[in-house]
Each structure stands twice: as structure tokens, then as C-alpha cells.
file model-v9.txt (compact mmCIF, N, CA and C atoms)
# COMPACT_ATOMS: atom_id res chain seq x y z
N MET D 1 0.08 22.08 11.58
CA MET D 1 1.30 21.30 11.64
C MET D 1 1.43 20.61 12.99
N ASN D 2 0.83 21.17 14.02
CA ASN D 2 0.85 20.57 15.34
C ASN D 2 0.20 19.19 15.32
N LEU D 3 -0.66 18.96 14.35
CA LEU D 3 -1.38 17.70 14.22
C LEU D 3 -0.42 16.52 14.07
N PHE D 4 0.67 16.70 13.35
CA PHE D 4 1.59 15.61 13.08
C PHE D 4 2.43 15.21 14.29
N PHE D 5 2.39 16.01 15.35
CA PHE D 5 3.17 15.72 16.53
C PHE D 5 2.33 15.22 17.70
N LYS D 6 1.03 15.03 17.47
CA LYS D 6 0.17 14.49 18.53
C LYS D 6 0.51 13.03 18.75
N LYS D 7 0.60 12.65 20.01
CA LYS D 7 1.02 11.28 20.31
C LYS D 7 -0.02 10.26 19.90
N GLU D 8 -1.29 10.64 19.79
CA GLU D 8 -2.33 9.69 19.38
C GLU D 8 -2.12 9.20 17.95
N TYR D 9 -1.57 10.06 17.09
CA TYR D 9 -1.42 9.75 15.68
C TYR D 9 0.01 9.30 15.32
N ARG D 10 0.90 9.32 16.29
CA ARG D 10 2.32 9.08 16.00
C ARG D 10 2.58 7.74 15.30
N LEU D 11 2.00 6.65 15.81
CA LEU D 11 2.22 5.33 15.21
C LEU D 11 1.74 5.30 13.75
N GLY D 12 0.54 5.82 13.51
CA GLY D 12 0.00 5.83 12.16
C GLY D 12 0.81 6.66 11.19
N ILE D 13 1.28 7.81 11.64
CA ILE D 13 2.07 8.69 10.76
C ILE D 13 3.44 8.06 10.46
N ILE D 14 4.08 7.50 11.48
CA ILE D 14 5.38 6.86 11.25
C ILE D 14 5.22 5.66 10.32
N LEU D 15 4.20 4.85 10.54
CA LEU D 15 3.96 3.69 9.68
C LEU D 15 3.67 4.13 8.25
N THR D 16 2.92 5.20 8.08
CA THR D 16 2.63 5.73 6.74
C THR D 16 3.90 6.16 6.04
N LEU D 17 4.77 6.86 6.74
CA LEU D 17 6.02 7.33 6.12
C LEU D 17 6.98 6.18 5.82
N VAL D 18 7.09 5.22 6.74
CA VAL D 18 7.97 4.07 6.50
C VAL D 18 7.44 3.23 5.34
N PHE D 19 6.13 3.01 5.30
CA PHE D 19 5.54 2.25 4.20
C PHE D 19 5.70 3.00 2.88
N GLY D 20 5.63 4.32 2.93
CA GLY D 20 5.87 5.12 1.72
C GLY D 20 7.28 4.95 1.20
N MET D 21 8.25 4.89 2.11
CA MET D 21 9.63 4.65 1.68
C MET D 21 9.77 3.25 1.09
N PHE D 22 9.11 2.28 1.70
CA PHE D 22 9.13 0.92 1.15
C PHE D 22 8.54 0.91 -0.26
N LEU D 23 7.41 1.59 -0.46
CA LEU D 23 6.78 1.61 -1.78
C LEU D 23 7.65 2.31 -2.81
N PHE D 24 8.45 3.27 -2.36
CA PHE D 24 9.35 3.96 -3.28
C PHE D 24 10.38 2.99 -3.87
N TYR D 25 10.79 2.00 -3.08
CA TYR D 25 11.79 1.02 -3.52
C TYR D 25 11.21 -0.36 -3.78
N VAL D 26 9.90 -0.49 -3.91
CA VAL D 26 9.28 -1.81 -4.07
C VAL D 26 9.70 -2.47 -5.38
N ASP D 27 9.97 -1.70 -6.43
CA ASP D 27 10.44 -2.28 -7.69
C ASP D 27 11.76 -3.02 -7.48
N GLN D 28 12.73 -2.34 -6.87
CA GLN D 28 14.03 -2.95 -6.65
C GLN D 28 13.93 -4.14 -5.69
N THR D 29 13.11 -4.01 -4.67
CA THR D 29 12.93 -5.11 -3.73
C THR D 29 12.33 -6.32 -4.43
N SER D 30 11.35 -6.10 -5.27
CA SER D 30 10.73 -7.19 -6.01
C SER D 30 11.71 -7.84 -6.97
N GLU D 31 12.51 -7.04 -7.64
CA GLU D 31 13.51 -7.58 -8.55
C GLU D 31 14.51 -8.46 -7.81
N GLN D 32 14.92 -8.03 -6.62
CA GLN D 32 15.87 -8.82 -5.84
C GLN D 32 15.24 -10.13 -5.35
N ILE D 33 13.99 -10.09 -4.94
CA ILE D 33 13.31 -11.30 -4.47
C ILE D 33 13.16 -12.29 -5.62
N VAL D 34 12.73 -11.79 -6.78
CA VAL D 34 12.56 -12.67 -7.94
C VAL D 34 13.91 -13.24 -8.38
N ALA D 35 14.95 -12.42 -8.39
CA ALA D 35 16.28 -12.90 -8.77
C ALA D 35 16.77 -13.97 -7.79
N TYR D 36 16.48 -13.80 -6.52
CA TYR D 36 16.90 -14.78 -5.52
C TYR D 36 16.22 -16.13 -5.75
N TYR D 37 14.91 -16.12 -5.99
CA TYR D 37 14.17 -17.38 -6.14
C TYR D 37 14.36 -18.05 -7.49
N THR D 38 14.78 -17.30 -8.51
CA THR D 38 14.91 -17.90 -9.85
C THR D 38 16.36 -18.05 -10.30
N ASP D 39 17.29 -17.51 -9.57
CA ASP D 39 18.71 -17.52 -9.94
C ASP D 39 18.94 -16.93 -11.33
N THR D 40 18.19 -15.90 -11.66
CA THR D 40 18.38 -15.19 -12.92
C THR D 40 18.41 -13.70 -12.64
N ALA D 41 19.06 -12.98 -13.52
CA ALA D 41 19.04 -11.52 -13.40
C ALA D 41 17.68 -11.05 -13.91
N PHE D 42 16.95 -10.36 -13.07
CA PHE D 42 15.60 -9.93 -13.43
C PHE D 42 15.48 -8.43 -13.26
N GLN D 43 14.83 -7.80 -14.24
CA GLN D 43 14.58 -6.37 -14.16
C GLN D 43 13.26 -6.09 -14.87
N TYR D 44 12.42 -5.26 -14.23
CA TYR D 44 11.14 -4.88 -14.85
C TYR D 44 11.40 -4.01 -16.07
N VAL D 45 10.67 -4.29 -17.15
CA VAL D 45 10.72 -3.44 -18.34
C VAL D 45 9.55 -2.48 -18.29
N GLN D 46 8.36 -3.03 -18.06
CA GLN D 46 7.16 -2.21 -17.90
C GLN D 46 6.92 -2.03 -16.41
N PRO D 47 6.62 -0.81 -15.96
CA PRO D 47 6.42 -0.60 -14.52
C PRO D 47 5.32 -1.51 -13.97
N ALA D 48 5.62 -2.15 -12.85
CA ALA D 48 4.67 -3.07 -12.24
C ALA D 48 3.90 -2.42 -11.10
N PHE D 49 4.34 -1.27 -10.67
CA PHE D 49 3.70 -0.61 -9.54
C PHE D 49 3.36 0.83 -9.93
N LEU D 50 2.18 1.27 -9.57
CA LEU D 50 1.67 2.58 -9.97
C LEU D 50 2.04 3.61 -8.91
N LYS D 51 3.21 4.22 -9.07
CA LYS D 51 3.78 5.11 -8.04
C LYS D 51 2.95 6.38 -7.83
N LEU D 52 2.34 6.91 -8.88
CA LEU D 52 1.53 8.12 -8.73
C LEU D 52 0.33 7.85 -7.84
N MET D 53 -0.20 6.65 -7.92
CA MET D 53 -1.33 6.29 -7.07
C MET D 53 -0.93 6.34 -5.59
N TYR D 54 0.31 5.97 -5.29
CA TYR D 54 0.77 6.02 -3.91
C TYR D 54 0.78 7.45 -3.37
N LEU D 55 1.16 8.39 -4.21
CA LEU D 55 1.14 9.80 -3.79
C LEU D 55 -0.28 10.27 -3.54
N VAL D 56 -1.21 9.85 -4.39
CA VAL D 56 -2.61 10.22 -4.20
C VAL D 56 -3.14 9.65 -2.89
N LEU D 57 -2.81 8.39 -2.61
CA LEU D 57 -3.26 7.78 -1.35
C LEU D 57 -2.63 8.47 -0.14
N LEU D 58 -1.39 8.92 -0.27
CA LEU D 58 -0.75 9.65 0.83
C LEU D 58 -1.49 10.96 1.11
N VAL D 59 -1.82 11.70 0.07
CA VAL D 59 -2.54 12.96 0.23
C VAL D 59 -3.92 12.70 0.84
N VAL D 60 -4.61 11.68 0.36
CA VAL D 60 -5.93 11.35 0.89
C VAL D 60 -5.82 10.91 2.35
N THR D 61 -4.78 10.18 2.69
CA THR D 61 -4.58 9.75 4.08
C THR D 61 -4.45 10.95 5.01
N PHE D 62 -3.63 11.93 4.61
CA PHE D 62 -3.46 13.10 5.47
C PHE D 62 -4.71 13.98 5.48
N ALA D 63 -5.45 14.01 4.38
CA ALA D 63 -6.73 14.74 4.38
C ALA D 63 -7.73 14.06 5.32
N MET D 64 -7.73 12.75 5.33
CA MET D 64 -8.62 12.02 6.24
C MET D 64 -8.20 12.23 7.69
N LEU D 65 -6.89 12.34 7.93
CA LEU D 65 -6.40 12.61 9.28
C LEU D 65 -6.86 13.99 9.74
N LEU D 66 -6.78 14.97 8.86
CA LEU D 66 -7.26 16.31 9.21
C LEU D 66 -8.75 16.31 9.52
N THR D 67 -9.53 15.61 8.72
CA THR D 67 -10.97 15.52 8.95
C THR D 67 -11.26 14.80 10.26
N LEU D 68 -10.54 13.74 10.52
CA LEU D 68 -10.73 13.00 11.77
C LEU D 68 -10.39 13.88 12.97
N ASN D 69 -9.33 14.64 12.85
CA ASN D 69 -8.91 15.50 13.95
C ASN D 69 -9.95 16.59 14.27
N LYS D 70 -10.65 17.07 13.24
CA LYS D 70 -11.67 18.11 13.44
C LYS D 70 -12.97 17.56 14.01
N SER D 71 -13.15 16.26 13.91
CA SER D 71 -14.39 15.64 14.38
C SER D 71 -14.52 15.78 15.88
N GLU D 72 -15.73 16.06 16.33
CA GLU D 72 -15.98 16.21 17.76
C GLU D 72 -16.78 15.03 18.31
N ASN D 73 -16.94 13.99 17.50
CA ASN D 73 -17.76 12.86 17.91
C ASN D 73 -17.01 11.81 18.70
N THR D 74 -15.69 11.87 18.69
CA THR D 74 -14.87 10.83 19.32
C THR D 74 -13.80 11.47 20.20
N SER D 75 -13.41 10.78 21.23
CA SER D 75 -12.32 11.27 22.09
C SER D 75 -11.00 11.22 21.33
N SER D 76 -9.99 11.91 21.83
CA SER D 76 -8.72 11.90 21.13
C SER D 76 -8.07 10.52 21.14
N GLU D 77 -8.28 9.75 22.19
CA GLU D 77 -7.77 8.37 22.19
C GLU D 77 -8.48 7.53 21.13
N GLY D 78 -9.77 7.69 21.02
CA GLY D 78 -10.54 6.96 20.01
C GLY D 78 -10.13 7.35 18.59
N LYS D 79 -9.84 8.64 18.41
CA LYS D 79 -9.37 9.11 17.10
C LYS D 79 -8.02 8.47 16.75
N GLY D 80 -7.12 8.45 17.72
CA GLY D 80 -5.81 7.85 17.49
C GLY D 80 -5.91 6.37 17.17
N GLN D 81 -6.77 5.66 17.92
CA GLN D 81 -6.94 4.23 17.66
C GLN D 81 -7.56 3.98 16.29
N ALA D 82 -8.51 4.83 15.90
CA ALA D 82 -9.15 4.67 14.59
C ALA D 82 -8.15 4.93 13.47
N PHE D 83 -7.34 5.99 13.61
CA PHE D 83 -6.36 6.30 12.57
C PHE D 83 -5.29 5.22 12.46
N ASN D 84 -4.81 4.76 13.60
CA ASN D 84 -3.79 3.70 13.59
C ASN D 84 -4.33 2.41 12.99
N ALA D 85 -5.58 2.06 13.33
CA ALA D 85 -6.19 0.86 12.75
C ALA D 85 -6.38 1.01 11.25
N PHE D 86 -6.74 2.22 10.80
CA PHE D 86 -6.90 2.49 9.37
C PHE D 86 -5.58 2.30 8.63
N VAL D 87 -4.51 2.86 9.17
CA VAL D 87 -3.21 2.77 8.50
C VAL D 87 -2.70 1.33 8.49
N ILE D 88 -2.83 0.64 9.61
CA ILE D 88 -2.36 -0.75 9.68
C ILE D 88 -3.14 -1.63 8.70
N ALA D 89 -4.46 -1.46 8.63
CA ALA D 89 -5.26 -2.26 7.70
C ALA D 89 -4.90 -1.94 6.26
N SER D 90 -4.66 -0.68 5.96
CA SER D 90 -4.29 -0.29 4.59
C SER D 90 -2.94 -0.88 4.20
N VAL D 91 -1.99 -0.82 5.10
CA VAL D 91 -0.65 -1.35 4.81
C VAL D 91 -0.70 -2.87 4.64
N LEU D 92 -1.40 -3.54 5.53
CA LEU D 92 -1.47 -5.00 5.45
C LEU D 92 -2.20 -5.47 4.19
N ALA D 93 -3.06 -4.66 3.63
CA ALA D 93 -3.79 -5.04 2.41
C ALA D 93 -2.86 -5.14 1.20
N PHE D 94 -1.73 -4.46 1.22
CA PHE D 94 -0.79 -4.48 0.10
C PHE D 94 -0.11 -5.83 -0.06
N PHE D 95 0.24 -6.47 1.03
CA PHE D 95 1.13 -7.63 0.98
C PHE D 95 0.54 -8.88 0.33
N PRO D 96 -0.73 -9.23 0.52
CA PRO D 96 -1.25 -10.39 -0.22
C PRO D 96 -1.18 -10.19 -1.74
N GLY D 97 -1.49 -9.00 -2.21
CA GLY D 97 -1.39 -8.72 -3.64
C GLY D 97 0.04 -8.75 -4.13
N TRP D 98 0.96 -8.29 -3.32
CA TRP D 98 2.38 -8.30 -3.69
C TRP D 98 2.89 -9.74 -3.79
N ILE D 99 2.45 -10.59 -2.86
CA ILE D 99 2.84 -12.00 -2.90
C ILE D 99 2.30 -12.67 -4.15
N ILE D 100 1.06 -12.38 -4.51
CA ILE D 100 0.48 -12.94 -5.74
C ILE D 100 1.26 -12.46 -6.95
N HIS D 101 1.58 -11.18 -6.99
CA HIS D 101 2.35 -10.61 -8.09
C HIS D 101 3.71 -11.32 -8.22
N LEU D 102 4.42 -11.45 -7.11
CA LEU D 102 5.73 -12.11 -7.13
C LEU D 102 5.62 -13.58 -7.54
N TYR D 103 4.58 -14.25 -7.08
CA TYR D 103 4.38 -15.65 -7.44
C TYR D 103 4.24 -15.80 -8.95
N TYR D 104 3.43 -14.95 -9.57
CA TYR D 104 3.23 -15.06 -11.02
C TYR D 104 4.49 -14.67 -11.80
N ILE D 105 5.26 -13.74 -11.29
CA ILE D 105 6.53 -13.39 -11.95
C ILE D 105 7.48 -14.58 -11.90
N VAL D 106 7.63 -15.19 -10.73
CA VAL D 106 8.52 -16.34 -10.58
C VAL D 106 8.04 -17.50 -11.45
N GLN D 107 6.74 -17.75 -11.47
CA GLN D 107 6.20 -18.83 -12.30
C GLN D 107 6.44 -18.56 -13.79
N THR D 108 6.32 -17.33 -14.20
CA THR D 108 6.55 -16.97 -15.61
C THR D 108 8.00 -17.23 -15.99
N ILE D 109 8.92 -16.90 -15.10
CA ILE D 109 10.35 -17.13 -15.38
C ILE D 109 10.66 -18.62 -15.39
N GLU D 110 10.17 -19.35 -14.40
CA GLU D 110 10.48 -20.77 -14.30
C GLU D 110 9.89 -21.59 -15.44
N THR D 111 8.71 -21.20 -15.94
CA THR D 111 8.09 -21.94 -17.03
C THR D 111 8.46 -21.37 -18.40
N LYS D 112 9.27 -20.32 -18.38
CA LYS D 112 9.70 -19.65 -19.61
C LYS D 112 8.50 -19.20 -20.45
N ALA D 113 7.48 -18.70 -19.77
CA ALA D 113 6.28 -18.20 -20.44
C ALA D 113 6.52 -16.76 -20.90
N SER D 114 5.52 -16.18 -21.51
CA SER D 114 5.64 -14.85 -22.07
C SER D 114 5.35 -13.78 -21.02
N PHE D 115 6.30 -12.85 -20.88
CA PHE D 115 6.07 -11.72 -19.98
C PHE D 115 5.08 -10.74 -20.55
N MET D 116 5.02 -10.64 -21.85
CA MET D 116 4.05 -9.74 -22.48
C MET D 116 2.64 -10.20 -22.15
N GLN D 117 2.43 -11.49 -22.15
CA GLN D 117 1.11 -12.02 -21.81
C GLN D 117 0.79 -11.73 -20.34
N LEU D 118 1.77 -11.87 -19.47
CA LEU D 118 1.57 -11.56 -18.04
C LEU D 118 1.28 -10.09 -17.85
N GLU D 119 2.02 -9.21 -18.52
CA GLU D 119 1.81 -7.77 -18.39
C GLU D 119 0.45 -7.34 -18.91
N ASP D 120 -0.10 -8.10 -19.86
CA ASP D 120 -1.43 -7.79 -20.38
C ASP D 120 -2.54 -8.16 -19.41
N GLN D 121 -2.24 -9.04 -18.48
CA GLN D 121 -3.23 -9.42 -17.46
C GLN D 121 -3.16 -8.40 -16.32
N PHE D 122 -3.86 -7.31 -16.50
CA PHE D 122 -3.79 -6.18 -15.57
C PHE D 122 -4.09 -6.59 -14.13
N TRP D 123 -5.07 -7.44 -13.93
CA TRP D 123 -5.50 -7.81 -12.59
C TRP D 123 -4.41 -8.55 -11.83
N ILE D 124 -3.60 -9.32 -12.55
CA ILE D 124 -2.52 -10.07 -11.89
C ILE D 124 -1.26 -9.21 -11.78
N TYR D 125 -0.93 -8.51 -12.85
CA TYR D 125 0.32 -7.74 -12.87
C TYR D 125 0.28 -6.59 -11.86
N HIS D 126 -0.88 -5.99 -11.66
CA HIS D 126 -1.03 -4.87 -10.71
C HIS D 126 -1.83 -5.28 -9.48
N CYS D 127 -1.76 -6.54 -9.13
CA CYS D 127 -2.54 -7.07 -8.01
C CYS D 127 -2.20 -6.37 -6.69
N ALA D 128 -0.95 -6.06 -6.47
CA ALA D 128 -0.55 -5.40 -5.21
C ALA D 128 -1.20 -4.02 -5.10
N ASP D 129 -1.25 -3.29 -6.20
CA ASP D 129 -1.86 -1.97 -6.17
C ASP D 129 -3.37 -2.07 -5.97
N LEU D 130 -3.97 -3.06 -6.59
CA LEU D 130 -5.42 -3.24 -6.46
C LEU D 130 -5.80 -3.62 -5.03
N THR D 131 -5.05 -4.52 -4.42
CA THR D 131 -5.37 -4.89 -3.04
C THR D 131 -5.10 -3.72 -2.09
N LEU D 132 -4.11 -2.90 -2.39
CA LEU D 132 -3.85 -1.72 -1.56
C LEU D 132 -5.02 -0.75 -1.64
N VAL D 133 -5.53 -0.48 -2.83
CA VAL D 133 -6.65 0.46 -2.98
C VAL D 133 -7.92 -0.09 -2.34
N ILE D 134 -8.18 -1.38 -2.53
CA ILE D 134 -9.37 -1.98 -1.93
C ILE D 134 -9.26 -1.97 -0.41
N GLY D 135 -8.10 -2.32 0.11
CA GLY D 135 -7.89 -2.29 1.56
C GLY D 135 -7.98 -0.88 2.13
N PHE D 136 -7.46 0.10 1.39
CA PHE D 136 -7.52 1.50 1.80
C PHE D 136 -8.98 1.95 1.89
N ALA D 137 -9.76 1.62 0.87
CA ALA D 137 -11.16 2.03 0.85
C ALA D 137 -11.96 1.35 1.96
N LEU D 138 -11.76 0.06 2.13
CA LEU D 138 -12.48 -0.66 3.18
C LEU D 138 -12.07 -0.19 4.57
N ALA D 139 -10.78 0.04 4.76
CA ALA D 139 -10.32 0.53 6.07
C ALA D 139 -10.90 1.91 6.36
N GLY D 140 -10.98 2.75 5.34
CA GLY D 140 -11.58 4.06 5.52
C GLY D 140 -13.04 3.97 5.91
N LEU D 141 -13.77 3.07 5.25
CA LEU D 141 -15.20 2.91 5.56
C LEU D 141 -15.43 2.27 6.91
N LEU D 142 -14.63 1.26 7.24
CA LEU D 142 -14.89 0.50 8.46
C LEU D 142 -14.21 1.07 9.70
N LYS D 143 -13.11 1.78 9.53
CA LYS D 143 -12.36 2.27 10.70
C LYS D 143 -12.53 3.79 10.92
N LEU D 144 -12.34 4.57 9.85
CA LEU D 144 -12.37 6.03 10.03
C LEU D 144 -13.77 6.62 10.00
N ARG D 145 -14.61 6.11 9.13
CA ARG D 145 -15.94 6.70 8.99
C ARG D 145 -16.72 6.70 10.31
N PRO D 146 -16.75 5.59 11.05
CA PRO D 146 -17.46 5.63 12.34
C PRO D 146 -16.86 6.64 13.33
N ALA D 147 -15.56 6.87 13.26
CA ALA D 147 -14.93 7.82 14.18
C ALA D 147 -15.19 9.27 13.77
N ILE D 148 -15.45 9.50 12.49
CA ILE D 148 -15.68 10.87 11.99
C ILE D 148 -17.16 11.25 12.13
N HIS D 149 -18.03 10.34 11.72
CA HIS D 149 -19.48 10.63 11.71
C HIS D 149 -20.17 9.89 12.83
N SER D 150 -21.09 10.55 13.46
CA SER D 150 -21.92 9.86 14.46
C SER D 150 -23.27 9.60 13.83
N TRP D 151 -23.82 8.44 14.13
CA TRP D 151 -25.12 8.08 13.52
C TRP D 151 -26.19 8.14 14.54

call {"tool": "encode", "arguments": {"input": "model-v9.txt", "output": "C-alpha cells"}}
result
Amino acid sequence: MNLFFKKEYRLGIILTLVFGMFLFYVDQTSEQIVAYYTDTAFQYVQPAFLKLMYLVLLVVTFAMLLTLNKSENTSSEGKGQAFNAFVIASVLAFFPGWIIHLYYIVQTIETKASFMQLEDQFWIYHCADLTLVIGFALAGLLKLRPAIHSW
């Protein structure tokens, strides 16, 4: 438990928790953004965000932090920088996909197209989740792996 209070990891842990709270309310935030841009009352019928996946990524993030902390290949400053870079890259990967998702929702409303057809396009409807997972994996490979393993 002392691990969560180390100053090297503080930024990454706080950002992870704040981003987790944002993801908890991302449905409502998206509905408000779409309603603002389209001047219509909008509410998701089919879930657009995979909330269970966020919990899995949270558990994996803390497991990776524990593994990083046990590593003896990097200094504690290097470990903190690697973890913070990993979290920042993972968080930033979500937003391009979210913007694409919101764009297609707004376009569907404005053109009066079919939402069922949009929901069937998994790659577009869940674009934010896909970019988050891809960014998480790439950040883990490019930022944390070198700090954990020495070659």
C-alpha cells in the first residue's frame, strides 16, 4: 500500500483515478455534448462505452505499476517517469476515438440516418474504446517495458 503514496508515481495515480471518474460519466458527458451540437434531446439506448473493459484496464495498470516498482533495472525517478508517460499516453489515446464517435453520432442525427446502422458498425460506435486499448497496449510496450526489462 505504501506504493500508492510514493511521490514518483503520484501524478500517474491521480491521473488514472481522475480519468476513471471521467470514464464513469462519459455516457452522460457524450449525451450532453451531442445535445448541445444538435439541439435535440439525445440519450443512448445501446451502451456506447464498454465500462467493464475500463475496470480490467485499471487492474492491469496497477499490476503493471507493482511490476515496475519491483524492477531493479531502473532508478526510482526513471520508474516514475516511465509510469507517468504510460498513463498520459494511455489517457490521450482515448480522446481521438471519442471525437470520432461523437462526430458520427452528430452526423447521424443531423442527416436523420439510422442509429441501428451506426450501432452495427462496431469499429465506429466503439472507436473510443478501441483507441484506448490500442494506446494502452502501445504505451505499455514503448514506455513501461523498457523500464521493467533490461536488454

call {"tool": "closest_residue", "arguments": {"input": "model-v9.txt", "among": "D:Val106, D:Leu3, D:Leu141, D:Ala93", "to": "D:Ala63", "atoms": "only C-alpha atoms"}}
result
D:Leu3

call {"tool": "select_by_dssp", "arguments": {"input": "model-v9.txt", "residues": "stretch 9-151 of chain D", "states": "alpha helix (DSSP H)", "output": "MDAnalysis selection string"}}
result
chainID D and resid 10:24 26:38 51:70 76:110 115:120 122:125 127:139 145:148

call {"tool": "closest_atom_pairs", "arguments": {"input": "model-v9.txt", "of": "stretch 64-132 of chain D", "to": "stretch 6-14 of chain D", "cutoff": "6.5 Å", "atoms": "only N, CA and C atoms", "output": "JSON lines"}}
result
{"residue": "D:Ser76", "atom": "C", "partner": "D:Glu8", "partner_atom": "CA", "distance": 6.1}
{"residue": "D:Glu77", "atom": "CA", "partner": "D:Glu8", "partner_atom": "CA", "distance": 6.3}
{"residue": "D:Lys79", "atom": "C", "partner": "D:Glu8", "partner_atom": "C", "distance": 6.1}
{"residue": "D:Gly80", "atom": "CA", "partner": "D:Glu8", "partner_atom": "C", "distance": 4.0}
{"residue": "D:Gln81", "atom": "N", "partner": "D:Glu8", "partner_atom": "C", "distance": 5.8}
{"residue": "D:Phe83", "atom": "C", "partner": "D:Gly12", "partner_atom": "CA", "distance": 5.3}
{"residue": "D:Asn84", "atom": "CA", "partner": "D:Gly12", "partner_atom": "CA", "distance": 4.6}
{"residue": "D:Val87", "atom": "CA", "partner": "D:Gly12", "partner_atom": "CA", "distance": 5.8}
{"residue": "D:Ile88", "atom": "N", "partner": "D:Gly12", "partner_atom": "CA", "distance": 6.4}

call {"tool": "closest_residue", "arguments": {"input": "model-v9.txt", "among": "D:Leu118, D:Leu58, D:Leu102, D:Met64", "to": "D:Asp27", "atoms": "only C-alpha atoms"}}
result
D:Leu102

call {"tool": "closest_residue", "arguments": {"input": "model-v9.txt", "among": "D:Ala128, D:Tyr44, D:Leu15, D:Phe136", "to": "D:Tyr103", "atoms": "only C-alpha atoms"}}
result
D:Ala128

call {"tool": "residues_around", "arguments": {"input": "model-v9.txt", "residues": "stretch 146-149 of chain D", "least_positions_apart": "3", "cutoff": "8 Å", "atoms": "all atoms listed in the file", "output": "list in words"}}
result
Thr67, Leu68, Asn69, Lys70, Ser71, Glu72, Asn73, Thr74, Ser75, Gly78, Lys79, Ala82, Phe83, Gly140, Leu141, Leu142 and Lys143 of chain D

call {"tool": "atom_distance", "arguments": {"input": "model-v9.txt", "atom1": "atom N of D:Glu110", "atom2": "atom CA of D:Thr38"}}
result
6.7 Å

call {"tool": "axis_aligned_box", "arguments": {"input": "model-v9.txt", "around": "stretch 76-80 of chain D", "padding_each_side": "8 Å", "output": "JSON"}}
result
{"center_x": -8.2, "center_y": 9.1, "center_z": 19.5, "size_x": 20.7, "size_y": 21.5, "size_z": 21.4}

call {"tool": "atom_distance", "arguments": {"input": "model-v9.txt", "atom1": "atom CA of D:Val26", "atom2": "atom N of D:Phe49"}}
result
8.3 Å

call {"tool": "atom_distance", "arguments": {"input": "model-v9.txt", "atom1": "atom CA of D:Thr131", "atom2": "atom CA of D:Ser90"}}
result
9.0 Å
